[in-house]
Amino acid sequence: MISFADEIKQGIPSVLPNPKPWDPAVNHAPKRKEILSNTEKKLAIANALRYFPKEDHAVLAPEFAQELKTYGRIYMYRFMPEHPIYARPINEYPGNSEQAKAIMLMIQNNLDHRVAQHPHELITYGGNGAVFQNWIQYRLVMKYLSEMTDEQTLVMYSGHPLGLFPSHPNAPRVVVTNGMMIPNYSKPDDWEKFNALGVTQYGQMTAGSYMYIGPQGIVHGTTITVLNAVRRLAKNREDIKGKVFLTAGLGGMSGAQPKAGNIAGVISITAEVNPKAVTTRHSQGWVDEIISDLDQLVTRVQKAKADKEVVSIAYLGNVVDVWEKFDQEDVHVDLGSDQTSLHNPWAGGYYPAGLTFDQANDMMANDPEQFKTYVQESLRRHSAAVNKHTAKGTYFFDYGNAFLLESSRAGGDVMAANQIDFKYPSYIQDILGPMCFDYGFGPFRWVCASGKPEDLQKTDAIACAVLERMMETCPPEIQQQMADNIQWIKGAQQNQLVVGSQARILYADAEGRMRIAAAFNEAIANGEIGPVILGRDHHDVSGTDSPYRETSNIYDGSRFTADMAIQNVIGDSFRGATWVSIHNGGGVGWGEVINGGFGMLLDGSEQAKRNLTSMLHWDVNNGIARRNWARNENAIFAIKRAMEAEPLLKVTLPNTVDDQLLDQLFRL
Ligand SMILES: NC(=O)c1ccc[n+]([C@@H]2O[C@H](COP(=O)([O-])OP(=O)(O)OC[C@H]3O[C@@H](n4cnc5c(N)ncnc54)[C@H](O)[C@@H]3O)[C@@H](O)[C@H]2O)c1
């Protein structure tokens with residue numbers, strides 16, 4: 001059998017590998033709807049055959065035509081590599097550039113079977129969050145990375161490697177764009193069409209930018225959200241006991257909800273229609289119990305309430321049925337949300353009530369119009385049931401999955417009296433925006449490239465010591481956030497959050513990120529730990545413009561602009577990022593968001609020290625400055641602090657106007 005390194009260096013094999021049998025044990029992407037005309041199908045196949053010499057076309061053309069017919073996309077399954085895909089220690093990757101090796105490690109982590117949602121379709125999470133469109137792109141990219149030097153940059157167009165271009169050592173080694181479209185061609189069906197043609201892909205956030213670290217990445221943010229949502233209802237730990245949190249989704253990100261529920265100390269019920277997703281999360285210990293009968297669920301929840309248990313329950317079935325049943329049986333829900341993938345409502349993101357999982361999969365592929373009517377009817381039922389609960393006192397928040405947006409589009413009763421806003425806040429408006437993003441706190445993360453658990457342990461200790469030192473002098477405005485983050489990092493080892501690479505997420509502000517990264521770089525230089533890869537979720541202070549999610553607490557009208565995200569990726573790229581990415585879509589849907597991220601290899605060098613200081617400072621303060629300009633009070637506070645700490649930072653501050661003056665004007 002060919003060695004790992006040789007297979008990587010081989011790229012496109014000179015002899016066609018045998019076709020790969022379909023593996024029913026793997027969680028596969030749903031069949032995508034048929035959208036191409038016959039002329040377009042020919043174009044899709046011609047596009048796919050561009051990667052291969054003419055002599056292979058007679059074999060591959062019918063095979064790709066069959067894949068397109070059966071799955072709605074051409075994945076080129078035959079070219080799945082022989083080697084198992086997972087994040088190896090960095091020194092096991094062949095190559096001439098440590099930075100390129102770090103990127104290979106992160107790509108492999110995103111496609112690891114334990115990490116990725118649909119690994120054979122190269123989908124990391126969110127139902128359609130692709131690393132590449134097909135297996136030949138994977139092979140080519142790995143080959144380029146194994147060949148490139150620090151004088152080159154690899155250019156990635158939506159999974160397709162355009163090629164290596166001459167650059168310089170402090171330039172990014174890879175620049176990624178995913179799904180960037182002419183704005184008028186950014187409707188959901190445009191994704192279906194242009195993705196089926198093989199010319200674009202939905203990169204989600206950390207999928208197409210090689211920065212996904214498994215559900216841990218989201219557990220922390222979810223914990224912060226659930227914890228602070230619970231704090232709105234209960235003053236202390238004792239009051240929290242017995243509170244019920246009802247939500248849906250045990251997929252890529254949503255799978256973090258039960259774990260966060262346990263950490264927050266509530267009884268959580270997470271409905272999930274896909275049996276594979278339920279068993280995966282249960283076997284990983286992310287959810288405690290599985291129940292598939294509604295009456296049993298009611299009895300179990302009533303017992304948990306009576307005993308004030310902290311427990312997470314997966315309900316195998318549709319969440320709409322749970323909301324309705326709990327209403328009929330008068331099971332009080334304290335906290336409610338939803339994390340079905342409504343950013344992708346017509347292609348498997350949301351399973352309508354009234355259809356089994358298999359019936360829904362069948363209908364979405366074979367009768368998409370009918371499926372759409374089912375989804376919309378289900379959303380009307382769903383929102384009506386939520387409304388009944390909120391009338392009884394449930395605190396419901398939108399979890400950034402476009403639940404309210406799609407419910408409103410479906411005619412659900414979710415609009416506020418002014419018919420502009422929704423009835424319920426998004427988690428960003430009430431919680432993460434004002435408490436975290438406006439102060440610069442966001443999902444900073446790192447991966448120990450040595451692959452050693454002891455390196456992760458050491459970095460946890462280093463990060464914790466930095467935060468504890470900062471806590472001694474930090475202003476009261478951010479003490480709660482700091483305390484939550486210290487508690488998180490202290491419990492991180494015990495909570496066994498690692499799936500795949502030796503990675504850690506830790507919410508931190510600009511100062512925290514810079515100080516932690518500098519301490520890592522020093523520890524690497526001293527030989528205490530191996531190299532570390534820094535990054536973050538795109539779901540952050542500055543990286544993402546998303547009017548219904550990350551920037552939903554921007555109220556000056558600019559939340560429908562995307563200058564911040566574009567400025568961010570440009571700024572990161574010339575301040576020393578190892579790779580950068582910018583995406584259309586991610587979280588809330590194609591055309592609904594622009595988001596970007598970075599990766600940065602710390603190798604203990606002086607250059608790494610300069611880069612981390614310069615880039616992390618920009619990467620957070622760009623967003624704080626913009627939030628400040630939107631007149632967000634906490635951001636004005638944070639940017640003033642940042643200017644005091646760094647005299648070279650000069651940010652335009654807003655003036656506020658007296659409301660009365662404006663009111664008078666319009667009474668005239
Ligand atoms: N966790 C977070 O912090 C976070 C933050 C922002 C947004 N989101 C959003 O949450 C959504 C979920 O993300 P994901 O990665 O988990 O997606 P996913 O597609 O992996 O998981 C969603 C799950 O919901 C299940 N589902 C769909 N309809 C259902 C229904 N009616 N009843 C019960 N289960 C149903 C699906 O089977 C699937 O397993 C996305 O839209 C994402 O953007 C999550």
# chains A, B, ... in the order shown; residues from 1 in each chain; ligands from 1

$ closest_atom_pairs --of "chain A" --to "ligand 1" --cutoff "6 Å" --atoms "only C-alpha atoms and all ligand atoms" --output "Markdown table"
| residue | atom | partner | partner_atom_place_in_ligand_line | distance |
| --- | --- | --- | --- | --- |
| A:Tyr125 | CA | ligand 1 | 15 (O) | 4.8 |
| A:Gly126 | CA | ligand 1 | 17 (O) | 3.7 |
| A:Gly127 | CA | ligand 1 | 19 (O) | 4.4 |
| A:Ile218 | CA | ligand 1 | 3 (O) | 5.0 |
| A:Gly221 | CA | ligand 1 | 3 (O) | 5.6 |
| A:Thr222 | CA | ligand 1 | 3 (O) | 4.9 |
| A:Ala248 | CA | ligand 1 | 33 (C) | 5.1 |
| A:Gly249 | CA | ligand 1 | 24 (O) | 3.5 |
| A:Leu250 | CA | ligand 1 | 39 (O) | 5.0 |
| A:Gly251 | CA | ligand 1 | 20 (O) | 3.3 |
| A:Gly252 | CA | ligand 1 | 15 (O) | 3.8 |
| A:Met253 | CA | ligand 1 | 16 (O) | 3.6 |
| A:Ser254 | CA | ligand 1 | 16 (O) | 3.5 |
| A:Gly255 | CA | ligand 1 | 16 (O) | 5.9 |
| A:Ala271 | CA | ligand 1 | 33 (C) | 4.7 |
| A:Glu272 | CA | ligand 1 | 34 (N) | 3.5 |
| A:Val273 | CA | ligand 1 | 34 (N) | 4.4 |
| A:Asn274 | CA | ligand 1 | 37 (O) | 4.6 |
| A:Ala277 | CA | ligand 1 | 39 (O) | 5.7 |
| A:Gly317 | CA | ligand 1 | 33 (C) | 5.8 |
| A:Asn318 | CA | ligand 1 | 32 (N) | 3.7 |
| A:Val319 | CA | ligand 1 | 32 (N) | 4.1 |
| A:Gln339 | CA | ligand 1 | 10 (O) | 4.2 |
| A:Thr340 | CA | ligand 1 | 24 (O) | 3.8 |
| A:Ser341 | CA | ligand 1 | 41 (O) | 3.7 |
| A:Leu342 | CA | ligand 1 | 41 (O) | 5.2 |
| A:His343 | CA | ligand 1 | 41 (O) | 4.9 |
| A:Gly349 | CA | ligand 1 | 27 (C) | 5.3 |
| A:Tyr350 | CA | ligand 1 | 28 (N) | 3.5 |
| A:Tyr351 | CA | ligand 1 | 28 (N) | 3.8 |
| A:Pro352 | CA | ligand 1 | 31 (N) | 5.3 |
| A:Tyr399 | CA | ligand 1 | 7 (C) | 5.6 |
| A:Gly400 | CA | ligand 1 | 7 (C) | 4.2 |
| A:Asn401 | CA | ligand 1 | 41 (O) | 3.6 |
| A:Gly587 | CA | ligand 1 | 43 (O) | 2.9 |
| A:Val588 | CA | ligand 1 | 43 (O) | 5.3 |

$ residues_around --residues "region 35-49 of chain A" --least-positions-apart "6" --cutoff "12 Å" --atoms "only C-alpha atoms" --output "ChimeraX atom specification"
/A:55-69,71-76,133-137,160,188-200,365-368

$ write_last_selection --atoms "C-alpha atoms" --output "PDB file, in the first residue's frame"
ATOM      1  CA  GLU A  55      -7.739   8.985 -21.805  1.00  0.00           C
ATOM      2  CA  ASP A  56      -9.658   8.744 -18.515  1.00  0.00           C
ATOM      3  CA  HIS A  57     -12.725  10.601 -19.741  1.00  0.00           C
ATOM      4  CA  ALA A  58     -14.542   7.598 -21.224  1.00  0.00           C
ATOM      5  CA  VAL A  59     -14.516   5.901 -17.800  1.00  0.00           C
ATOM      6  CA  LEU A  60     -15.100   8.967 -15.662  1.00  0.00           C
ATOM      7  CA  ALA A  61     -17.764  10.798 -17.697  1.00  0.00           C
ATOM      8  CA  PRO A  62     -20.531   8.186 -17.164  1.00  0.00           C
ATOM      9  CA  GLU A  63     -19.453   7.721 -13.554  1.00  0.00           C
ATOM     10  CA  PHE A  64     -19.713  11.443 -12.836  1.00  0.00           C
ATOM     11  CA  ALA A  65     -23.041  11.599 -14.698  1.00  0.00           C
ATOM     12  CA  GLN A  66     -24.294   8.834 -12.424  1.00  0.00           C
ATOM     13  CA  GLU A  67     -23.057  10.652  -9.272  1.00  0.00           C
ATOM     14  CA  LEU A  68     -24.789  13.813 -10.415  1.00  0.00           C
ATOM     15  CA  LYS A  69     -28.011  11.879 -10.957  1.00  0.00           C
ATOM     16  CA  TYR A  71     -26.491  12.536  -5.307  1.00  0.00           C
ATOM     17  CA  GLY A  72     -27.102  15.831  -7.108  1.00  0.00           C
ATOM     18  CA  ARG A  73     -23.352  16.563  -6.986  1.00  0.00           C
ATOM     19  CA  ILE A  74     -20.119  15.097  -8.341  1.00  0.00           C
ATOM     20  CA  TYR A  75     -18.012  14.102  -5.334  1.00  0.00           C
ATOM     21  CA  MET A  76     -15.599  11.852  -7.263  1.00  0.00           C
ATOM     22  CA  GLN A 133     -16.303  20.156  -3.595  1.00  0.00           C
ATOM     23  CA  ASN A 134     -14.748  16.832  -4.548  1.00  0.00           C
ATOM     24  CA  TRP A 135     -11.912  14.455  -3.724  1.00  0.00           C
ATOM     25  CA  ILE A 136      -9.660  15.557  -6.555  1.00  0.00           C
ATOM     26  CA  GLN A 137      -9.539  19.043  -5.084  1.00  0.00           C
ATOM     27  CA  HIS A 160     -10.567  24.633  -6.288  1.00  0.00           C
ATOM     28  CA  PRO A 188     -30.393  29.643  -2.224  1.00  0.00           C
ATOM     29  CA  ASP A 189     -31.070  28.146  -5.653  1.00  0.00           C
ATOM     30  CA  ASP A 190     -27.987  29.858  -7.013  1.00  0.00           C
ATOM     31  CA  TRP A 191     -25.957  27.847  -4.545  1.00  0.00           C
ATOM     32  CA  GLU A 192     -27.710  24.656  -5.684  1.00  0.00           C
ATOM     33  CA  LYS A 193     -27.004  25.461  -9.303  1.00  0.00           C
ATOM     34  CA  PHE A 194     -23.460  26.779  -9.174  1.00  0.00           C
ATOM     35  CA  ASN A 195     -22.372  24.180  -6.657  1.00  0.00           C
ATOM     36  CA  ALA A 196     -23.799  21.428  -8.873  1.00  0.00           C
ATOM     37  CA  LEU A 197     -21.887  22.976 -11.776  1.00  0.00           C
ATOM     38  CA  GLY A 198     -18.734  22.650  -9.685  1.00  0.00           C
ATOM     39  CA  VAL A 199     -17.809  26.328  -9.647  1.00  0.00           C
ATOM     40  CA  THR A 200     -18.581  27.370  -6.095  1.00  0.00           C
ATOM     41  CA  ALA A 365     -34.906  15.083  -3.468  1.00  0.00           C
ATOM     42  CA  ASN A 366     -37.879  13.941  -5.548  1.00  0.00           C
ATOM     43  CA  ASP A 367     -40.518  16.575  -4.952  1.00  0.00           C
ATOM     44  CA  PRO A 368     -38.770  19.721  -3.692  1.00  0.00           C
TER      45      PRO A 368
END

$ residues_around --residues "region 292-299 of chain A" --least-positions-apart "5" --cutoff "9 Å" --atoms "only C-alpha atoms" --output "VMD selection string"
chain A and resid 269 304 313 to 317 321 to 322 325 to 326 329 331

$ atom_distance --atom1 "CA of His220 (chain A)" --atom2 "CA of Arg504 (chain A)"
9.7 Å

$ select_by_dssp --residues "region 87-194 of chain A" --states "strand (DSSP E)" --output "PDB file with N, CA, C and O atoms, in the first residue's frame"
ATOM      1  N   ILE A 123     -18.049  17.358   3.776  1.00  0.00           N
ATOM      2  CA  ILE A 123     -18.852  18.340   4.508  1.00  0.00           C
ATOM      3  C   ILE A 123     -18.483  18.259   5.992  1.00  0.00           C
ATOM      4  O   ILE A 123     -18.636  17.201   6.619  1.00  0.00           O
ATOM      5  N   THR A 124     -18.040  19.361   6.553  1.00  0.00           N
ATOM      6  CA  THR A 124     -17.623  19.339   7.947  1.00  0.00           C
ATOM      7  C   THR A 124     -18.793  19.548   8.900  1.00  0.00           C
ATOM      8  O   THR A 124     -18.925  18.850   9.900  1.00  0.00           O
ATOM      9  N   TYR A 125     -19.647  20.523   8.626  1.00  0.00           N
ATOM     10  CA  TYR A 125     -20.796  20.748   9.511  1.00  0.00           C
ATOM     11  C   TYR A 125     -21.849  21.578   8.803  1.00  0.00           C
ATOM     12  O   TYR A 125     -21.634  22.069   7.692  1.00  0.00           O
ATOM     13  N   GLY A 129     -21.511  22.633   4.825  1.00  0.00           N
ATOM     14  CA  GLY A 129     -20.233  23.334   5.047  1.00  0.00           C
ATOM     15  C   GLY A 129     -19.075  22.527   4.488  1.00  0.00           C
ATOM     16  O   GLY A 129     -18.549  21.621   5.125  1.00  0.00           O
ATOM     17  N   ALA A 130     -18.658  22.896   3.268  1.00  0.00           N
ATOM     18  CA  ALA A 130     -17.706  22.074   2.531  1.00  0.00           C
ATOM     19  C   ALA A 130     -16.264  22.543   2.723  1.00  0.00           C
ATOM     20  O   ALA A 130     -15.989  23.738   2.785  1.00  0.00           O
ATOM     21  N   GLN A 152       5.785  31.229  -1.673  1.00  0.00           N
ATOM     22  CA  GLN A 152       4.604  31.053  -2.528  1.00  0.00           C
ATOM     23  C   GLN A 152       3.313  31.160  -1.717  1.00  0.00           C
ATOM     24  O   GLN A 152       3.308  30.922  -0.505  1.00  0.00           O
ATOM     25  N   THR A 153       2.228  31.467  -2.423  1.00  0.00           N
ATOM     26  CA  THR A 153       0.893  31.489  -1.816  1.00  0.00           C
ATOM     27  C   THR A 153      -0.044  30.661  -2.681  1.00  0.00           C
ATOM     28  O   THR A 153      -0.061  30.809  -3.906  1.00  0.00           O
ATOM     29  N   LEU A 154      -0.795  29.779  -2.009  1.00  0.00           N
ATOM     30  CA  LEU A 154      -1.772  28.951  -2.719  1.00  0.00           C
ATOM     31  C   LEU A 154      -3.107  29.696  -2.747  1.00  0.00           C
ATOM     32  O   LEU A 154      -3.587  30.161  -1.711  1.00  0.00           O
ATOM     33  N   VAL A 155      -3.686  29.783  -3.929  1.00  0.00           N
ATOM     34  CA  VAL A 155      -4.939  30.531  -4.096  1.00  0.00           C
ATOM     35  C   VAL A 155      -6.092  29.541  -4.244  1.00  0.00           C
ATOM     36  O   VAL A 155      -6.076  28.686  -5.131  1.00  0.00           O
ATOM     37  N   MET A 156      -7.060  29.658  -3.346  1.00  0.00           N
ATOM     38  CA  MET A 156      -8.190  28.720  -3.321  1.00  0.00           C
ATOM     39  C   MET A 156      -9.478  29.424  -3.729  1.00  0.00           C
ATOM     40  O   MET A 156      -9.921  30.364  -3.072  1.00  0.00           O
ATOM     41  N   TYR A 157     -10.073  28.963  -4.816  1.00  0.00           N
ATOM     42  CA  TYR A 157     -11.379  29.477  -5.253  1.00  0.00           C
ATOM     43  C   TYR A 157     -12.428  28.428  -4.879  1.00  0.00           C
ATOM     44  O   TYR A 157     -12.588  27.435  -5.592  1.00  0.00           O
ATOM     45  N   HIS A 160     -11.458  24.903  -5.154  1.00  0.00           N
ATOM     46  CA  HIS A 160     -10.567  24.633  -6.288  1.00  0.00           C
ATOM     47  C   HIS A 160      -9.244  25.360  -6.105  1.00  0.00           C
ATOM     48  O   HIS A 160      -9.224  26.585  -5.938  1.00  0.00           O
ATOM     49  N   PRO A 161      -8.124  24.614  -6.171  1.00  0.00           N
ATOM     50  CA  PRO A 161      -6.821  25.301  -6.061  1.00  0.00           C
ATOM     51  C   PRO A 161      -6.439  25.912  -7.401  1.00  0.00           C
ATOM     52  O   PRO A 161      -6.118  25.197  -8.344  1.00  0.00           O
ATOM     53  N   LEU A 162      -6.490  27.239  -7.459  1.00  0.00           N
ATOM     54  CA  LEU A 162      -6.131  27.910  -8.713  1.00  0.00           C
ATOM     55  C   LEU A 162      -4.649  27.717  -8.998  1.00  0.00           C
ATOM     56  O   LEU A 162      -4.242  27.633 -10.137  1.00  0.00           O
ATOM     57  N   GLY A 163      -3.854  27.659  -7.954  1.00  0.00           N
ATOM     58  CA  GLY A 163      -2.433  27.404  -8.143  1.00  0.00           C
ATOM     59  C   GLY A 163      -1.571  28.104  -7.122  1.00  0.00           C
ATOM     60  O   GLY A 163      -2.075  28.805  -6.242  1.00  0.00           O
ATOM     61  N   LEU A 164      -0.281  27.872  -7.248  1.00  0.00           N
ATOM     62  CA  LEU A 164       0.713  28.512  -6.381  1.00  0.00           C
ATOM     63  C   LEU A 164       1.229  29.760  -7.093  1.00  0.00           C
ATOM     64  O   LEU A 164       1.571  29.699  -8.275  1.00  0.00           O
ATOM     65  N   PHE A 165       1.271  30.856  -6.366  1.00  0.00           N
ATOM     66  CA  PHE A 165       1.763  32.102  -6.951  1.00  0.00           C
ATOM     67  C   PHE A 165       2.930  32.619  -6.108  1.00  0.00           C
ATOM     68  O   PHE A 165       2.902  32.502  -4.878  1.00  0.00           O
ATOM     69  N   PRO A 166       3.929  33.204  -6.754  1.00  0.00           N
ATOM     70  CA  PRO A 166       5.060  33.731  -5.990  1.00  0.00           C
ATOM     71  C   PRO A 166       4.592  34.812  -5.007  1.00  0.00           C
ATOM     72  O   PRO A 166       3.745  35.635  -5.364  1.00  0.00           O
ATOM     73  N   VAL A 174      -1.856  30.554   2.292  1.00  0.00           N
ATOM     74  CA  VAL A 174      -3.072  30.220   1.536  1.00  0.00           C
ATOM     75  C   VAL A 174      -4.080  31.359   1.687  1.00  0.00           C
ATOM     76  O   VAL A 174      -4.253  31.894   2.787  1.00  0.00           O
ATOM     77  N   VAL A 175      -4.701  31.722   0.583  1.00  0.00           N
ATOM     78  CA  VAL A 175      -5.814  32.681   0.609  1.00  0.00           C
ATOM     79  C   VAL A 175      -7.049  31.956   0.077  1.00  0.00           C
ATOM     80  O   VAL A 175      -7.030  31.431  -1.037  1.00  0.00           O
ATOM     81  N   VAL A 176      -8.079  31.911   0.912  1.00  0.00           N
ATOM     82  CA  VAL A 176      -9.284  31.141   0.582  1.00  0.00           C
ATOM     83  C   VAL A 176     -10.453  32.080   0.347  1.00  0.00           C
ATOM     84  O   VAL A 176     -10.728  32.952   1.185  1.00  0.00           O
ATOM     85  N   THR A 177     -11.148  31.896  -0.766  1.00  0.00           N
ATOM     86  CA  THR A 177     -12.470  32.515  -0.907  1.00  0.00           C
ATOM     87  C   THR A 177     -13.464  31.378  -1.121  1.00  0.00           C
ATOM     88  O   THR A 177     -13.167  30.410  -1.819  1.00  0.00           O
ATOM     89  N   ASN A 178     -14.612  31.501  -0.492  1.00  0.00           N
ATOM     90  CA  ASN A 178     -15.658  30.489  -0.664  1.00  0.00           C
ATOM     91  C   ASN A 178     -16.980  31.162  -0.965  1.00  0.00           C
ATOM     92  O   ASN A 178     -17.412  32.048  -0.213  1.00  0.00           O
TER      93      ASN A 178
END

$ residues_around --residues "region 627-630 of chain A" --least-positions-apart "3" --cutoff "7 Å" --atoms "only C-alpha atoms" --output "PyMOL selection string"
chain A and resi 438+554-556+623-624+633+635-636+653-654

$ write_last_selection --atoms "N, CA, C and O atoms" --output "PDB file, in the first residue's frame"
ATOM      1  N   ASP A 438     -19.010  43.264  21.943  1.00  0.00           N
ATOM      2  CA  ASP A 438     -18.745  44.706  22.050  1.00  0.00           C
ATOM      3  C   ASP A 438     -17.493  44.991  22.879  1.00  0.00           C
ATOM      4  O   ASP A 438     -16.854  46.031  22.719  1.00  0.00           O
ATOM      5  N   ILE A 554     -26.250  45.666  16.019  1.00  0.00           N
ATOM      6  CA  ILE A 554     -25.801  46.938  15.431  1.00  0.00           C
ATOM      7  C   ILE A 554     -27.073  47.647  14.976  1.00  0.00           C
ATOM      8  O   ILE A 554     -27.817  47.119  14.144  1.00  0.00           O
ATOM      9  N   TYR A 555     -27.315  48.819  15.545  1.00  0.00           N
ATOM     10  CA  TYR A 555     -28.626  49.445  15.311  1.00  0.00           C
ATOM     11  C   TYR A 555     -28.555  50.752  14.522  1.00  0.00           C
ATOM     12  O   TYR A 555     -29.487  51.527  14.526  1.00  0.00           O
ATOM     13  N   ASP A 556     -27.420  51.023  13.860  1.00  0.00           N
ATOM     14  CA  ASP A 556     -27.335  52.284  13.110  1.00  0.00           C
ATOM     15  C   ASP A 556     -27.662  52.098  11.629  1.00  0.00           C
ATOM     16  O   ASP A 556     -27.425  52.995  10.821  1.00  0.00           O
ATOM     17  N   GLY A 623     -13.418  45.276  14.790  1.00  0.00           N
ATOM     18  CA  GLY A 623     -14.842  45.103  15.104  1.00  0.00           C
ATOM     19  C   GLY A 623     -15.302  45.984  16.252  1.00  0.00           C
ATOM     20  O   GLY A 623     -16.421  46.509  16.233  1.00  0.00           O
ATOM     21  N   ILE A 624     -14.440  46.148  17.258  1.00  0.00           N
ATOM     22  CA  ILE A 624     -14.842  47.007  18.386  1.00  0.00           C
ATOM     23  C   ILE A 624     -15.013  48.435  17.874  1.00  0.00           C
ATOM     24  O   ILE A 624     -15.974  49.127  18.223  1.00  0.00           O
ATOM     25  N   GLU A 633     -22.607  51.200  23.502  1.00  0.00           N
ATOM     26  CA  GLU A 633     -21.904  51.790  24.654  1.00  0.00           C
ATOM     27  C   GLU A 633     -20.700  50.979  25.121  1.00  0.00           C
ATOM     28  O   GLU A 633     -19.645  51.520  25.424  1.00  0.00           O
ATOM     29  N   ALA A 635     -18.879  48.999  23.470  1.00  0.00           N
ATOM     30  CA  ALA A 635     -17.783  49.071  22.498  1.00  0.00           C
ATOM     31  C   ALA A 635     -17.074  50.427  22.588  1.00  0.00           C
ATOM     32  O   ALA A 635     -15.856  50.506  22.409  1.00  0.00           O
ATOM     33  N   ILE A 636     -17.828  51.480  22.889  1.00  0.00           N
ATOM     34  CA  ILE A 636     -17.182  52.796  23.061  1.00  0.00           C
ATOM     35  C   ILE A 636     -16.214  52.714  24.249  1.00  0.00           C
ATOM     36  O   ILE A 636     -15.058  53.139  24.174  1.00  0.00           O
ATOM     37  N   LEU A 653     -14.630  58.456  17.174  1.00  0.00           N
ATOM     38  CA  LEU A 653     -15.663  58.184  18.187  1.00  0.00           C
ATOM     39  C   LEU A 653     -16.969  58.885  17.785  1.00  0.00           C
ATOM     40  O   LEU A 653     -16.940  59.970  17.211  1.00  0.00           O
ATOM     41  N   PRO A 654     -18.091  58.258  18.113  1.00  0.00           N
ATOM     42  CA  PRO A 654     -19.373  58.862  17.724  1.00  0.00           C
ATOM     43  C   PRO A 654     -19.867  59.869  18.755  1.00  0.00           C
ATOM     44  O   PRO A 654     -19.514  59.784  19.931  1.00  0.00           O
TER      45      PRO A 654
END

$ closest_residue --among "A:Ala100, A:Leu122, A:Val131, A:Met564" --to "Thr578 (chain A)" --atoms "only C-alpha atoms"
A:Ala100

$ atom_distance --atom1 "CA of Phe132 (chain A)" --atom2 "CA of Gln99 (chain A)"
19.8 Å

$ residues_around --residues "Pro345 (chain A)" --least-positions-apart "6" --cutoff "9 Å" --atoms "only C-alpha atoms" --output "list of chain:residue names"
A:Tyr351, A:Lys372, A:Val375, A:Glu406

$ select_by_dssp --residues "region 330-493 of chain A" --states "helix (DSSP H, G or I)" --output "NGL selection string"
:A and (357-366 or 368-391 or 403-409 or 427-435 or 437-439 or 453-473 or 476-492)

$ residues_around --residues "His120 (chain A)" --least-positions-apart "6" --cutoff "10 Å" --atoms "only C-alpha atoms" --output "count of residues only"
15

$ residues_around --residues "Ser378 (chain A)" --least-positions-apart "6" --cutoff "8 Å" --atoms "only C-alpha atoms" --output "PyMOL selection string"
chain A and resi 320+352-354

$ closest_residue --among "A:Phe598, A:Phe574, A:Phe79, A:Phe666" --to "Met106 (chain A)" --atoms "only C-alpha atoms"
A:Phe598

$ atom_distance --atom1 "CA of Asp413 (chain A)" --atom2 "CA of Arg549 (chain A)"
20.1 Å

$ closest_residue --among "A:Asp362, A:Asp484, A:Glu606, A:Asp330" --to "Ile263 (chain A)" --atoms "only C-alpha atoms"
A:Asp484

$ closest_residue --among "A:Asn584, A:Asn418, A:Ser408, A:Gln284" --to "Leu497 (chain A)" --atoms "only C-alpha atoms"
A:Gln284
